[in-house]
Structure formats: structure tokens, C-alpha cells
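Undergrad: Quick one: structure below, then a few questions.
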Amino acid sequence: MFAVFAAITNAPVVVFSLDWAIVVQILLAVVMPLLVGLVTSRVTAGNIKAWLLAGLTLITSLLTGIGGAIATGTPFDIGLALLAAIPAFIVSVGTYYGLWKPTGIAGKVQDIEATTITE
């Protein structure tokens, strides 16, 4: 944690800290489009993929909020968790169209076929 203190009161004026739950959620939001690509096929409609991504984003937002509440011993704020799902979804969509799709990684992920183990 970084802090700048006031000269008179010695109280922090500016503080920089990162909540681990937010960092985890943003990292998950970056790779979430690839996970959607793994569980869907190329012929799956785009709106189905978007709803799946939105649902996964909502679930991860709730789970990281619950994990943060458990870790800090504070009550779970469902409103904050639901609100945090919106920027996470935006990050996911932006990462897909700005990174994964232009580099071809999204297509390669969808080309991965399921393998079965036969005995």
C-alpha cells in the first residue's frame, strides 16, 4: 500500500491499494472469452456466446465477492458484486475484440477438439 501523508495531521491524504478480489476478477475477465470459446463451437450463434459470457462474468463476480467477504470477515455486499460484473463484462468483450480475435487466438481455441480416452 502506498500513502501520502498530510503535514499537519499526519493522516493519509492519498492511498493506493488493490483489493485481491478485484484483481482476480479482472484477470478472469481477460481469459473468460477463451473459456467461452472452448465450450462452444464455431457454429454457435454469437448471441448464445454473449449470454454465456455474461452469465460466467456474473458468476465469477459473485464468487470473487463472496471470497473477498470470507477472506476479510466482512458481510458480502451483493450490490457491489452485481455492479462489478458490468465492467468485468466490458473488459471481457473488449479483450475478445481487441486482443483475442485480431491475433487469431480466439479461432485457434475454438479449433481445439475434445479428446476422449478410450480403454
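Chain labels A, B, ... are given in the sequence in which chains occur in the C-alpha cells; within each chain residues are numbered consecutively from 1, and ligands are likewise numbered from 1 in the order shown.
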Taking only region 23-83 of chain A into account, list the residues labelled helix (DSSP H, G or I) by DSSP (computed from the backbone), as a PyMOL selection string.
TA: chain A and resi 23-39+46-72+78-83
Undergrad: Please identify every residue of region 61-95 of chain A that has at least one atom no farther than 7 Å from an atom of region 25-38 of chain A, counting only C-alpha atoms, and for each give the shortest atom pair and the distance in Å to one decimal, arranged by chain then increasing number, as JSON lines.
TA:
```
{"residue": "A:Ser61", "atom": "CA", "partner": "A:Gln25", "partner_atom": "CA", "distance": 6.5}
{"residue": "A:Thr64", "atom": "CA", "partner": "A:Gln25", "partner_atom": "CA", "distance": 6.6}
{"residue": "A:Ala88", "atom": "CA", "partner": "A:Ala29", "partner_atom": "CA", "distance": 5.5}
{"residue": "A:Phe89", "atom": "CA", "partner": "A:Ala29", "partner_atom": "CA", "distance": 6.8}
{"residue": "A:Val91", "atom": "CA", "partner": "A:Ala29", "partner_atom": "CA", "distance": 6.1}
{"residue": "A:Ser92", "atom": "CA", "partner": "A:Ala29", "partner_atom": "CA", "distance": 4.9}
{"residue": "A:Thr95", "atom": "CA", "partner": "A:Val30", "partner_atom": "CA", "distance": 6.0}
```
Undergrad: For those residues, write N, CA and C atoms to a file as a tab-separated table (two decimals), in the first residue's frame.
TA:
```
chain	number	residue	atom	x	y	z
A	61	SER	N	-18.14	-12.80	-10.72
A	61	SER	CA	-18.25	-11.60	-9.91
A	61	SER	C	-18.81	-11.93	-8.53
A	64	THR	N	-16.09	-14.07	-6.58
A	64	THR	CA	-14.96	-13.30	-6.06
A	64	THR	C	-15.42	-12.37	-4.94
A	88	ALA	N	-16.49	-5.92	-15.63
A	88	ALA	CA	-15.82	-7.17	-15.98
A	88	ALA	C	-16.32	-7.68	-17.33
A	89	PHE	N	-17.61	-7.56	-17.60
A	89	PHE	CA	-18.16	-7.97	-18.89
A	89	PHE	C	-17.60	-7.08	-20.00
A	91	VAL	N	-14.72	-5.54	-19.98
A	91	VAL	CA	-13.32	-5.94	-20.17
A	91	VAL	C	-13.26	-7.23	-21.00
A	92	SER	N	-14.15	-8.17	-20.74
A	92	SER	CA	-14.17	-9.43	-21.49
A	92	SER	C	-14.45	-9.20	-22.96
A	95	THR	N	-11.53	-7.30	-24.55
A	95	THR	CA	-10.36	-8.16	-24.72
A	95	THR	C	-10.55	-9.11	-25.90
```
Undergrad: List every residue of chain A that DSSP, applied to the backbone, labels as strand (DSSP E or B), and write the result as a PDB file with N, CA and C atoms, in the first residue's frame.
TA:
```
ATOM      1  N   PHE A   2       0.516   2.204  -0.800  1.00  0.00           N
ATOM      2  CA  PHE A   2       1.234   3.462  -0.926  1.00  0.00           C
ATOM      3  C   PHE A   2       0.371   4.568  -0.333  1.00  0.00           C
ATOM      4  N   ALA A   3       0.962   5.482   0.431  1.00  0.00           N
ATOM      5  CA  ALA A   3       0.179   6.563   1.029  1.00  0.00           C
ATOM      6  C   ALA A   3       0.994   7.848   1.059  1.00  0.00           C
ATOM      7  N   VAL A   4       0.306   8.968   0.881  1.00  0.00           N
ATOM      8  CA  VAL A   4       0.886  10.298   1.028  1.00  0.00           C
ATOM      9  C   VAL A   4       0.221  10.914   2.254  1.00  0.00           C
ATOM     10  N   PHE A   5       1.027  11.458   3.168  1.00  0.00           N
ATOM     11  CA  PHE A   5       0.501  11.952   4.431  1.00  0.00           C
ATOM     12  C   PHE A   5       0.449  13.474   4.458  1.00  0.00           C
ATOM     13  N   PRO A  12      -3.252   9.996   6.289  1.00  0.00           N
ATOM     14  CA  PRO A  12      -3.074   9.780   4.854  1.00  0.00           C
ATOM     15  C   PRO A  12      -4.066  10.603   4.029  1.00  0.00           C
ATOM     16  N   VAL A  13      -3.539  11.236   2.989  1.00  0.00           N
ATOM     17  CA  VAL A  13      -4.356  12.041   2.091  1.00  0.00           C
ATOM     18  C   VAL A  13      -4.672  11.245   0.836  1.00  0.00           C
ATOM     19  N   VAL A  14      -3.692  10.526   0.350  1.00  0.00           N
ATOM     20  CA  VAL A  14      -3.854   9.706  -0.845  1.00  0.00           C
ATOM     21  C   VAL A  14      -3.355   8.303  -0.518  1.00  0.00           C
ATOM     22  N   VAL A  15      -4.149   7.318  -0.874  1.00  0.00           N
ATOM     23  CA  VAL A  15      -3.787   5.923  -0.627  1.00  0.00           C
ATOM     24  C   VAL A  15      -3.969   5.139  -1.914  1.00  0.00           C
ATOM     25  N   PHE A  16      -3.037   4.272  -2.226  1.00  0.00           N
ATOM     26  CA  PHE A  16      -3.148   3.386  -3.380  1.00  0.00           C
ATOM     27  C   PHE A  16      -3.089   1.954  -2.880  1.00  0.00           C
TER      28      PHE A  16
END
```
Undergrad: Compile the contact shell of region 41-43 of chain A as a PDB file with N, CA and C atoms, in the first residue's frame: residues with an atom at most 10 Å away, counting only C-alpha atoms, same-chain residues fewer than 3 positions apart removed.
TA:
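So the final result, stored in around_5.pdb, reads:
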```pdb
ATOM      1  N   VAL A  36     -15.163 -19.364 -23.016  1.00  0.00           N
ATOM      2  CA  VAL A  36     -16.403 -19.478 -23.788  1.00  0.00           C
ATOM      3  C   VAL A  36     -16.107 -20.135 -25.132  1.00  0.00           C
ATOM      4  N   GLY A  37     -14.982 -19.789 -25.727  1.00  0.00           N
ATOM      5  CA  GLY A  37     -14.592 -20.404 -26.996  1.00  0.00           C
ATOM      6  C   GLY A  37     -14.318 -21.887 -26.865  1.00  0.00           C
ATOM      7  N   LEU A  38     -13.817 -22.306 -25.716  1.00  0.00           N
ATOM      8  CA  LEU A  38     -13.545 -23.729 -25.509  1.00  0.00           C
ATOM      9  C   LEU A  38     -14.821 -24.554 -25.397  1.00  0.00           C
ATOM     10  N   GLY A  46     -23.660 -16.032 -32.121  1.00  0.00           N
ATOM     11  CA  GLY A  46     -22.974 -15.024 -31.325  1.00  0.00           C
ATOM     12  C   GLY A  46     -23.747 -14.594 -30.101  1.00  0.00           C
ATOM     13  N   LYS A  49     -23.156 -17.064 -27.336  1.00  0.00           N
ATOM     14  CA  LYS A  49     -21.835 -16.854 -26.732  1.00  0.00           C
ATOM     15  C   LYS A  49     -21.837 -15.629 -25.823  1.00  0.00           C
ATOM     16  N   GLY A 107      -9.838 -17.961 -32.568  1.00  0.00           N
ATOM     17  CA  GLY A 107     -10.139 -19.003 -33.557  1.00  0.00           C
ATOM     18  C   GLY A 107      -9.411 -20.297 -33.273  1.00  0.00           C
ATOM     19  N   VAL A 109      -8.475 -21.394 -30.369  1.00  0.00           N
ATOM     20  CA  VAL A 109      -9.083 -22.020 -29.196  1.00  0.00           C
ATOM     21  C   VAL A 109     -10.334 -22.782 -29.612  1.00  0.00           C
ATOM     22  N   GLN A 110     -11.113 -22.210 -30.528  1.00  0.00           N
ATOM     23  CA  GLN A 110     -12.326 -22.892 -30.961  1.00  0.00           C
ATOM     24  C   GLN A 110     -12.017 -24.085 -31.860  1.00  0.00           C
ATOM     25  N   ASP A 111     -10.828 -24.144 -32.427  1.00  0.00           N
ATOM     26  CA  ASP A 111     -10.439 -25.297 -33.243  1.00  0.00           C
ATOM     27  C   ASP A 111     -10.034 -26.501 -32.400  1.00  0.00           C
ATOM     28  N   ILE A 112      -9.817 -26.274 -31.101  1.00  0.00           N
ATOM     29  CA  ILE A 112      -9.443 -27.385 -30.220  1.00  0.00           C
ATOM     30  C   ILE A 112     -10.622 -28.308 -30.094  1.00  0.00           C
ATOM     31  N   GLU A 113     -10.402 -29.557 -30.391  1.00  0.00           N
ATOM     32  CA  GLU A 113     -11.479 -30.544 -30.315  1.00  0.00           C
ATOM     33  C   GLU A 113     -11.344 -31.326 -29.013  1.00  0.00           C
TER      34      GLU A 113
END
```
Undergrad: Give me the residues near region 70-82 of chain A as a PDB file with N, CA and C atoms, in the first residue's frame, where near means some atom within 12 Å (using only C-alpha atoms) and where sequence neighbours in that chain fewer than 5 positions away do not count.
TA:
```pdb
ATOM      1  N   ASP A  19      -7.466  -4.361  -4.107  1.00  0.00           N
ATOM      2  CA  ASP A  19      -8.162  -5.470  -3.483  1.00  0.00           C
ATOM      3  C   ASP A  19      -7.899  -6.712  -4.326  1.00  0.00           C
ATOM      4  N   TRP A  20      -7.480  -7.791  -3.697  1.00  0.00           N
ATOM      5  CA  TRP A  20      -7.125  -9.002  -4.452  1.00  0.00           C
ATOM      6  C   TRP A  20      -8.309  -9.547  -5.223  1.00  0.00           C
ATOM      7  N   ALA A  21      -9.518  -9.386  -4.711  1.00  0.00           N
ATOM      8  CA  ALA A  21     -10.697  -9.909  -5.401  1.00  0.00           C
ATOM      9  C   ALA A  21     -10.929  -9.183  -6.725  1.00  0.00           C
ATOM     10  N   ILE A  22     -10.687  -7.895  -6.756  1.00  0.00           N
ATOM     11  CA  ILE A  22     -10.855  -7.129  -7.991  1.00  0.00           C
ATOM     12  C   ILE A  22      -9.795  -7.531  -9.006  1.00  0.00           C
ATOM     13  N   GLN A  25     -10.794 -10.861 -10.416  1.00  0.00           N
ATOM     14  CA  GLN A  25     -11.932 -10.734 -11.319  1.00  0.00           C
ATOM     15  C   GLN A  25     -11.515 -10.150 -12.667  1.00  0.00           C
ATOM     16  N   ALA A  54     -21.814 -13.392 -20.424  1.00  0.00           N
ATOM     17  CA  ALA A  54     -22.440 -12.562 -19.391  1.00  0.00           C
ATOM     18  C   ALA A  54     -22.748 -13.389 -18.145  1.00  0.00           C
ATOM     19  N   GLY A  55     -23.241 -14.599 -18.341  1.00  0.00           N
ATOM     20  CA  GLY A  55     -23.535 -15.464 -17.193  1.00  0.00           C
ATOM     21  C   GLY A  55     -22.283 -15.849 -16.425  1.00  0.00           C
ATOM     22  N   THR A  57     -19.488 -14.197 -16.350  1.00  0.00           N
ATOM     23  CA  THR A  57     -18.990 -12.987 -15.708  1.00  0.00           C
ATOM     24  C   THR A  57     -19.761 -12.702 -14.424  1.00  0.00           C
ATOM     25  N   LEU A  58     -21.069 -12.876 -14.462  1.00  0.00           N
ATOM     26  CA  LEU A  58     -21.879 -12.669 -13.270  1.00  0.00           C
ATOM     27  C   LEU A  58     -21.516 -13.663 -12.174  1.00  0.00           C
ATOM     28  N   ILE A  59     -21.332 -14.922 -12.546  1.00  0.00           N
ATOM     29  CA  ILE A  59     -20.965 -15.950 -11.569  1.00  0.00           C
ATOM     30  C   ILE A  59     -19.604 -15.657 -10.952  1.00  0.00           C
ATOM     31  N   THR A  60     -18.613 -15.312 -11.780  1.00  0.00           N
ATOM     32  CA  THR A  60     -17.286 -15.015 -11.231  1.00  0.00           C
ATOM     33  C   THR A  60     -17.308 -13.765 -10.367  1.00  0.00           C
ATOM     34  N   SER A  61     -18.138 -12.800 -10.721  1.00  0.00           N
ATOM     35  CA  SER A  61     -18.248 -11.597  -9.906  1.00  0.00           C
ATOM     36  C   SER A  61     -18.812 -11.928  -8.530  1.00  0.00           C
ATOM     37  N   LEU A  62     -19.851 -12.745  -8.510  1.00  0.00           N
ATOM     38  CA  LEU A  62     -20.435 -13.142  -7.223  1.00  0.00           C
ATOM     39  C   LEU A  62     -19.456 -13.978  -6.403  1.00  0.00           C
ATOM     40  N   LEU A  63     -18.767 -14.908  -7.058  1.00  0.00           N
ATOM     41  CA  LEU A  63     -17.829 -15.778  -6.334  1.00  0.00           C
ATOM     42  C   LEU A  63     -16.629 -15.011  -5.792  1.00  0.00           C
ATOM     43  N   THR A  64     -16.090 -14.071  -6.578  1.00  0.00           N
ATOM     44  CA  THR A  64     -14.964 -13.297  -6.059  1.00  0.00           C
ATOM     45  C   THR A  64     -15.424 -12.368  -4.937  1.00  0.00           C
ATOM     46  N   GLY A  65     -16.650 -11.857  -5.022  1.00  0.00           N
ATOM     47  CA  GLY A  65     -17.187 -11.045  -3.926  1.00  0.00           C
ATOM     48  C   GLY A  65     -17.364 -11.848  -2.659  1.00  0.00           C
ATOM     49  N   PRO A  87     -18.340  -3.838 -15.399  1.00  0.00           N
ATOM     50  CA  PRO A  87     -17.035  -3.558 -16.006  1.00  0.00           C
ATOM     51  C   PRO A  87     -16.270  -4.835 -16.371  1.00  0.00           C
ATOM     52  N   ALA A  88     -16.492  -5.916 -15.629  1.00  0.00           N
ATOM     53  CA  ALA A  88     -15.821  -7.172 -15.979  1.00  0.00           C
ATOM     54  C   ALA A  88     -16.320  -7.681 -17.330  1.00  0.00           C
ATOM     55  N   PHE A  89     -17.611  -7.565 -17.599  1.00  0.00           N
ATOM     56  CA  PHE A  89     -18.156  -7.969 -18.894  1.00  0.00           C
ATOM     57  C   PHE A  89     -17.600  -7.079 -20.001  1.00  0.00           C
TER      58      PHE A  89
END
```
